[in-house]
Amino acid sequence: MRRPDHPTTTRPTAVNGALPGPESPESPEAREALEADGPGGGGPGAGVPERTVPGAGAPETGGPERPVPGPTIAPPLPADGVTAEAVLAPYLQGQAADFLRSLRLHREHSAPSDAGGQGAEAAARALRRSARRISGSLHTFRTVLDPAWADHLRTELAWLSGTLAREHAYAGRLTRLLDALHQLSGATLPAARGTKPATKPGTQPATTTAARTAGAPEAQGRAVLGVGAARAGALLERQLTLARTRAHSAALQALGSSRFHAVADAVALLASEVPLAPGTTGRGAEALLEPAERAEQRLLAAVVALPADESAEPYNEAQDAAWHQARLLLRLHRYAHEVVLGAADPVLTGAGHALDLHRDAAASA
């Protein structure tokens with residue numbers, strides 16, 4: 001993720017159905033490539049004039065000529081031949097196929113024979129992953145999609161992803177807090193300060209009064225920490241396990257509801273056809289660059305608004321909210337990057353992982 005003091009905007013160009021790596025829009029090469037992304041000056045049959053033939057039924061000696069329409073001409077393709085539909089549709093259809101595949105695996109591993117439940121958990125994670133990417137892409141590229149359809153499906157996918165994520169969130173929070181308690185109770189407290197008394201050769205060193213008096217508070221402190229950590233651990237185990245159980249039941253109920261079946265049907269249709277906005281067919285990939293750039297600019301603005309390091313305070317909900325907003329905007333930027341460039345950016349993935357850890361830490365706190 002670029003530093004906010006260097007907000008360089010990238011505008012890749014379309015090649016072979018995907019958009020290649022970023023180029024600075026200030027370079028002449030980039031400007032020429034962007035101009036080539038616009039509608040071409042003509043296609044097959046462009047500029048063909050109307051033909052005239054002798055009038056039907058007219059004497060061979062001549063007769064009035066009437067115009068005959070030329071061949072039907074499709075909208076001209078961009079100069080590079082790549083359209084927004086050719087870039088966005090395969091991405092959405094691939095994510096829809098992953099969604100349906102994960103759903104099938106989740107149903108298979110949710111059987112009673114899968115005692116560990118690890119297969120169902122992995123399938124649920126994959127299901128959320130696809131749902132987030134479809135939902136984020138529908139949000140960013142809404143201008144090139146059927147807006148009513150995109151808004152409805154995005155809302156339903158957000159509901160599904162949030163419902164499935166709660167169980168995983170409670171489990172992760174419990175693990176994080178129990179590990180922290182273990183480290184706290186098992187930590188070695190500072191050793192007592194004291195000087196080793198001088199002894200005669202062949203004799204045992206005597207224990208000083210300072211060492212004896214300091215050892216008792218240390219042992220007492222360790223005991224208090226151990227008891228407190230055990231009580232806190234039991235409380236967390238009881239509360240978060242109950243919350244996780246309720247979230248698991250809510251997820252199963254959601255997956256069996258008519259609302260979810262409607263979402264699954266909509267995703268199945270998406271896997272075969274992507275509803276586009278009127279007039280989008282035949283538009284160049286430039287139609288995707290503008291919304292992708294807007295997503296990037298929103299992220300950069302959120303990064304600039306983050307609290308400075310010297311003013312950061314622990315357990316500050318107002319400051320945490322700014323980081324949470326940056327995390328969500330980074331996610332939208334990551335997904336737009338995947339659509340436009342055809343691959344994930346490891347730098348953005350690493351930054352997203354760091355912000356996920358911050359989100360988990362804030363929730364645990």
# chains A, B, ... in the order shown; residues from 1 in each chain; ligands from 1
$ residues_around --residues "Ala97 of chain A" --least-positions-apart "5" --cutoff "10 Å" --atoms "only C-alpha atoms" --output "compact mmCIF listing (two decimals) with N, CA, C and O atoms, in the first residue's frame"
# COMPACT_ATOMS: atom_id res chain seq x y z
N TYR A 91 -14.47 -12.49 -14.35
CA TYR A 91 -14.13 -12.44 -12.92
C TYR A 91 -15.34 -12.77 -12.06
O TYR A 91 -15.27 -13.61 -11.15
N LEU A 92 -16.47 -12.11 -12.32
CA LEU A 92 -17.67 -12.36 -11.52
C LEU A 92 -18.16 -13.80 -11.71
O LEU A 92 -18.60 -14.44 -10.74
N SER A 102 -18.04 -24.09 -3.22
CA SER A 102 -17.88 -24.07 -1.77
C SER A 102 -19.17 -24.46 -1.07
O SER A 102 -19.15 -25.14 -0.03
N LEU A 103 -20.29 -24.04 -1.62
CA LEU A 103 -21.58 -24.41 -1.04
C LEU A 103 -21.78 -25.92 -1.09
O LEU A 103 -22.25 -26.53 -0.12
N SER A 130 -15.67 -15.85 -1.56
CA SER A 130 -16.31 -15.57 -2.84
C SER A 130 -17.41 -14.52 -2.68
O SER A 130 -17.56 -13.62 -3.53
N VAL A 267 -26.79 -16.24 -7.54
CA VAL A 267 -25.37 -16.48 -7.86
C VAL A 267 -25.25 -17.50 -8.98
O VAL A 267 -24.36 -17.39 -9.84
N ALA A 268 -26.11 -18.51 -8.99
CA ALA A 268 -26.08 -19.49 -10.08
C ALA A 268 -26.37 -18.83 -11.42
O ALA A 268 -25.74 -19.16 -12.44
N LEU A 270 -25.72 -15.70 -12.06
CA LEU A 270 -24.54 -14.88 -12.33
C LEU A 270 -23.43 -15.71 -12.96
O LEU A 270 -22.66 -15.20 -13.79
N ALA A 271 -23.33 -16.97 -12.60
CA ALA A 271 -22.28 -17.82 -13.16
C ALA A 271 -22.44 -18.01 -14.66
O ALA A 271 -21.47 -18.38 -15.34
N SER A 272 -23.64 -17.76 -15.18
CA SER A 272 -23.87 -17.94 -16.61
C SER A 272 -24.08 -16.63 -17.35
O SER A 272 -23.84 -16.54 -18.55
$ closest_residue --among "A:Gln95, A:Thr281, A:Ser249, A:Gln297" --to "Ala126 of chain A" --atoms "only C-alpha atoms"
A:Gln95
$ residues_around --residues "Ala295 of chain A" --least-positions-apart "2" --cutoff "7 Å" --atoms "only C-alpha atoms" --output "mmCIF file with N, CA, C and O atoms, in the first residue's frame"
data_model
loop_
_atom_site.group_PDB
_atom_site.id
_atom_site.type_symbol
_atom_site.label_atom_id
_atom_site.label_comp_id
_atom_site.auth_asym_id
_atom_site.auth_seq_id
_atom_site.Cartn_x
_atom_site.Cartn_y
_atom_site.Cartn_z
ATOM 1 N N THR A 140 -18.093 -1.582 -6.396
ATOM 2 C CA THR A 140 -17.142 -0.718 -7.092
ATOM 3 C C THR A 140 -17.549 -0.456 -8.537
ATOM 4 O O THR A 140 -17.474 0.674 -9.029
ATOM 5 N N PRO A 291 -14.011 3.687 -12.072
ATOM 6 C CA PRO A 291 -14.459 3.273 -10.723
ATOM 7 C C PRO A 291 -13.345 2.657 -9.897
ATOM 8 O O PRO A 291 -13.325 2.811 -8.674
ATOM 9 N N ALA A 292 -12.387 1.954 -10.533
ATOM 10 C CA ALA A 292 -11.265 1.402 -9.777
ATOM 11 C C ALA A 292 -10.405 2.513 -9.198
ATOM 12 O O ALA A 292 -9.918 2.411 -8.063
ATOM 13 N N GLU A 293 -10.206 3.591 -9.966
ATOM 14 C CA GLU A 293 -9.433 4.720 -9.458
ATOM 15 C C GLU A 293 -10.156 5.413 -8.312
ATOM 16 O O GLU A 293 -9.526 5.874 -7.350
ATOM 17 N N GLN A 297 -8.658 6.194 -4.633
ATOM 18 C CA GLN A 297 -8.596 7.529 -4.052
ATOM 19 C C GLN A 297 -9.312 7.583 -2.708
ATOM 20 O O GLN A 297 -8.862 8.274 -1.780
ATOM 21 N N ARG A 298 -10.413 6.861 -2.567
ATOM 22 C CA ARG A 298 -11.086 6.809 -1.266
ATOM 23 C C ARG A 298 -10.184 6.162 -0.213
ATOM 24 O O ARG A 298 -10.149 6.600 0.940
ATOM 25 N N LEU A 299 -9.452 5.131 -0.619
ATOM 26 C CA LEU A 299 -8.517 4.496 0.307
ATOM 27 C C LEU A 299 -7.420 5.462 0.723
ATOM 28 O O LEU A 299 -7.088 5.566 1.909
ATOM 29 N N LEU A 332 -11.934 -3.196 -0.731
ATOM 30 C CA LEU A 332 -12.553 -2.847 -2.010
ATOM 31 C C LEU A 332 -11.488 -2.563 -3.065
ATOM 32 O O LEU A 332 -11.632 -2.942 -4.234
ATOM 33 N N HIS A 333 -10.424 -1.887 -2.670
ATOM 34 C CA HIS A 333 -9.334 -1.600 -3.604
ATOM 35 C C HIS A 333 -8.643 -2.884 -4.047
ATOM 36 O O HIS A 333 -8.293 -3.045 -5.232
#
$ residues_around --residues "segment 346-362 of chain A" --least-positions-apart "2" --cutoff "10 Å" --atoms "only C-alpha atoms" --output "VMD selection string"
chain A and resid 1 to 2 169 to 170 172 to 173 176 to 177 314 to 317 320 to 321 323 to 324 326 to 331 333 to 335 337 343 to 344 364 to 365
$ write_last_selection --atoms "N, CA, C and O atoms" --output "tab-separated table (two decimals), in the first residue's frame"
chain	number	residue	atom	x	y	z
A	1	MET	N	0.86	-1.19	0.00
A	1	MET	CA	0.00	0.00	0.00
A	1	MET	C	0.89	1.23	0.00
A	1	MET	O	1.80	1.33	0.81
A	2	ARG	N	0.68	2.15	-0.91
A	2	ARG	CA	1.53	3.31	-1.01
A	2	ARG	C	1.33	4.22	0.17
A	2	ARG	O	0.27	4.31	0.75
A	169	ALA	N	-15.35	-15.47	14.00
A	169	ALA	CA	-14.84	-14.34	14.80
A	169	ALA	C	-14.80	-14.69	16.28
A	169	ALA	O	-13.82	-14.38	16.97
A	170	TYR	N	-15.84	-15.33	16.79
A	170	TYR	CA	-15.85	-15.70	18.21
A	170	TYR	C	-14.77	-16.73	18.51
A	170	TYR	O	-14.11	-16.66	19.56
A	172	GLY	N	-11.89	-17.17	16.90
A	172	GLY	CA	-10.60	-16.50	16.87
A	172	GLY	C	-10.37	-15.61	18.07
A	172	GLY	O	-9.25	-15.53	18.60
A	173	ARG	N	-11.42	-14.94	18.53
A	173	ARG	CA	-11.28	-14.07	19.70
A	173	ARG	C	-10.97	-14.88	20.95
A	173	ARG	O	-10.14	-14.49	21.78
A	176	ARG	N	-7.29	-15.96	20.82
A	176	ARG	CA	-6.39	-14.84	21.07
A	176	ARG	C	-6.34	-14.50	22.57
A	176	ARG	O	-5.26	-14.30	23.14
A	177	LEU	N	-7.48	-14.43	23.22
A	177	LEU	CA	-7.51	-14.02	24.62
A	177	LEU	C	-6.95	-15.10	25.54
A	177	LEU	O	-6.27	-14.79	26.52
A	314	PRO	N	-4.13	3.34	23.15
A	314	PRO	CA	-4.72	2.00	23.18
A	314	PRO	C	-6.17	2.05	23.67
A	314	PRO	O	-6.55	2.94	24.44
A	315	TYR	N	-6.97	1.13	23.18
A	315	TYR	CA	-8.37	1.00	23.58
A	315	TYR	C	-9.15	2.28	23.29
A	315	TYR	O	-9.98	2.72	24.07
A	316	ASN	N	-8.85	2.90	22.16
A	316	ASN	CA	-9.53	4.13	21.75
A	316	ASN	C	-10.46	3.79	20.59
A	316	ASN	O	-10.02	3.56	19.47
A	317	GLU	N	-11.76	3.77	20.87
A	317	GLU	CA	-12.72	3.33	19.85
A	317	GLU	C	-12.78	4.29	18.67
A	317	GLU	O	-12.96	3.87	17.52
A	320	ASP	N	-9.82	3.54	16.56
A	320	ASP	CA	-9.99	2.23	15.93
A	320	ASP	C	-10.97	2.30	14.77
A	320	ASP	O	-10.81	1.60	13.76
A	321	ALA	N	-11.99	3.15	14.87
A	321	ALA	CA	-12.97	3.26	13.79
A	321	ALA	C	-12.32	3.74	12.50
A	321	ALA	O	-12.69	3.29	11.40
A	323	TRP	N	-9.25	3.14	11.58
A	323	TRP	CA	-8.50	2.01	11.03
A	323	TRP	C	-9.45	0.98	10.41
A	323	TRP	O	-9.13	0.37	9.39
A	324	HIS	N	-10.60	0.78	11.04
A	324	HIS	CA	-11.58	-0.15	10.47
A	324	HIS	C	-12.06	0.34	9.10
A	324	HIS	O	-12.25	-0.46	8.17
A	326	ALA	N	-10.39	2.23	7.01
A	326	ALA	CA	-9.29	2.01	6.06
A	326	ALA	C	-9.22	0.54	5.65
A	326	ALA	O	-8.94	0.22	4.49
A	327	ARG	N	-9.49	-0.35	6.58
A	327	ARG	CA	-9.47	-1.79	6.26
A	327	ARG	C	-10.53	-2.14	5.23
A	327	ARG	O	-10.26	-2.89	4.27
A	328	LEU	N	-11.74	-1.62	5.40
A	328	LEU	CA	-12.81	-1.92	4.45
A	328	LEU	C	-12.51	-1.32	3.07
A	328	LEU	O	-12.75	-1.97	2.04
A	329	LEU	N	-11.98	-0.11	3.03
A	329	LEU	CA	-11.66	0.52	1.76
A	329	LEU	C	-10.49	-0.19	1.08
A	329	LEU	O	-10.45	-0.28	-0.16
A	330	LEU	N	-9.54	-0.68	1.86
A	330	LEU	CA	-8.45	-1.46	1.28
A	330	LEU	C	-8.98	-2.74	0.65
A	330	LEU	O	-8.52	-3.16	-0.43
A	331	ARG	N	-9.95	-3.36	1.28
A	331	ARG	CA	-10.53	-4.58	0.72
A	331	ARG	C	-11.18	-4.29	-0.63
A	331	ARG	O	-10.99	-5.05	-1.59
A	333	HIS	N	-10.42	-1.89	-2.67
A	333	HIS	CA	-9.33	-1.60	-3.60
A	333	HIS	C	-8.64	-2.88	-4.05
A	333	HIS	O	-8.29	-3.04	-5.23
A	334	ARG	N	-8.45	-3.82	-3.13
A	334	ARG	CA	-7.83	-5.10	-3.48
A	334	ARG	C	-8.67	-5.85	-4.52
A	334	ARG	O	-8.14	-6.38	-5.50
A	335	TYR	N	-9.97	-5.89	-4.31
A	335	TYR	CA	-10.83	-6.62	-5.23
A	335	TYR	C	-10.87	-5.93	-6.59
A	335	TYR	O	-10.87	-6.60	-7.64
A	337	HIS	N	-8.46	-4.24	-7.84
A	337	HIS	CA	-7.16	-4.55	-8.43
A	337	HIS	C	-7.19	-5.93	-9.08
A	337	HIS	O	-6.64	-6.13	-10.17
A	343	ALA	N	-4.99	-10.22	-11.25
A	343	ALA	CA	-4.26	-10.98	-10.23
A	343	ALA	C	-4.22	-10.16	-8.96
A	343	ALA	O	-4.40	-8.94	-8.96
A	344	ALA	N	-3.98	-10.85	-7.85
A	344	ALA	CA	-3.89	-10.18	-6.55
A	344	ALA	C	-2.52	-9.53	-6.40
A	344	ALA	O	-1.52	-9.99	-6.95
A	364	SER	N	-10.99	-7.95	20.52
A	364	SER	CA	-10.62	-8.65	21.75
A	364	SER	C	-10.48	-7.70	22.92
A	364	SER	O	-10.86	-8.01	24.06
A	365	ALA	N	-9.92	-6.53	22.65
A	365	ALA	CA	-9.78	-5.54	23.72
A	365	ALA	C	-11.15	-5.09	24.22
A	365	ALA	O	-11.33	-4.88	25.43
$ atom_distance --atom1 "atom CA of Ala285 of chain A" --atom2 "atom CA of Thr83 of chain A"
5.0 Å
$ atom_distance --atom1 "atom CA of Arg244 of chain A" --atom2 "atom CA of Gly162 of chain A"
13.7 Å
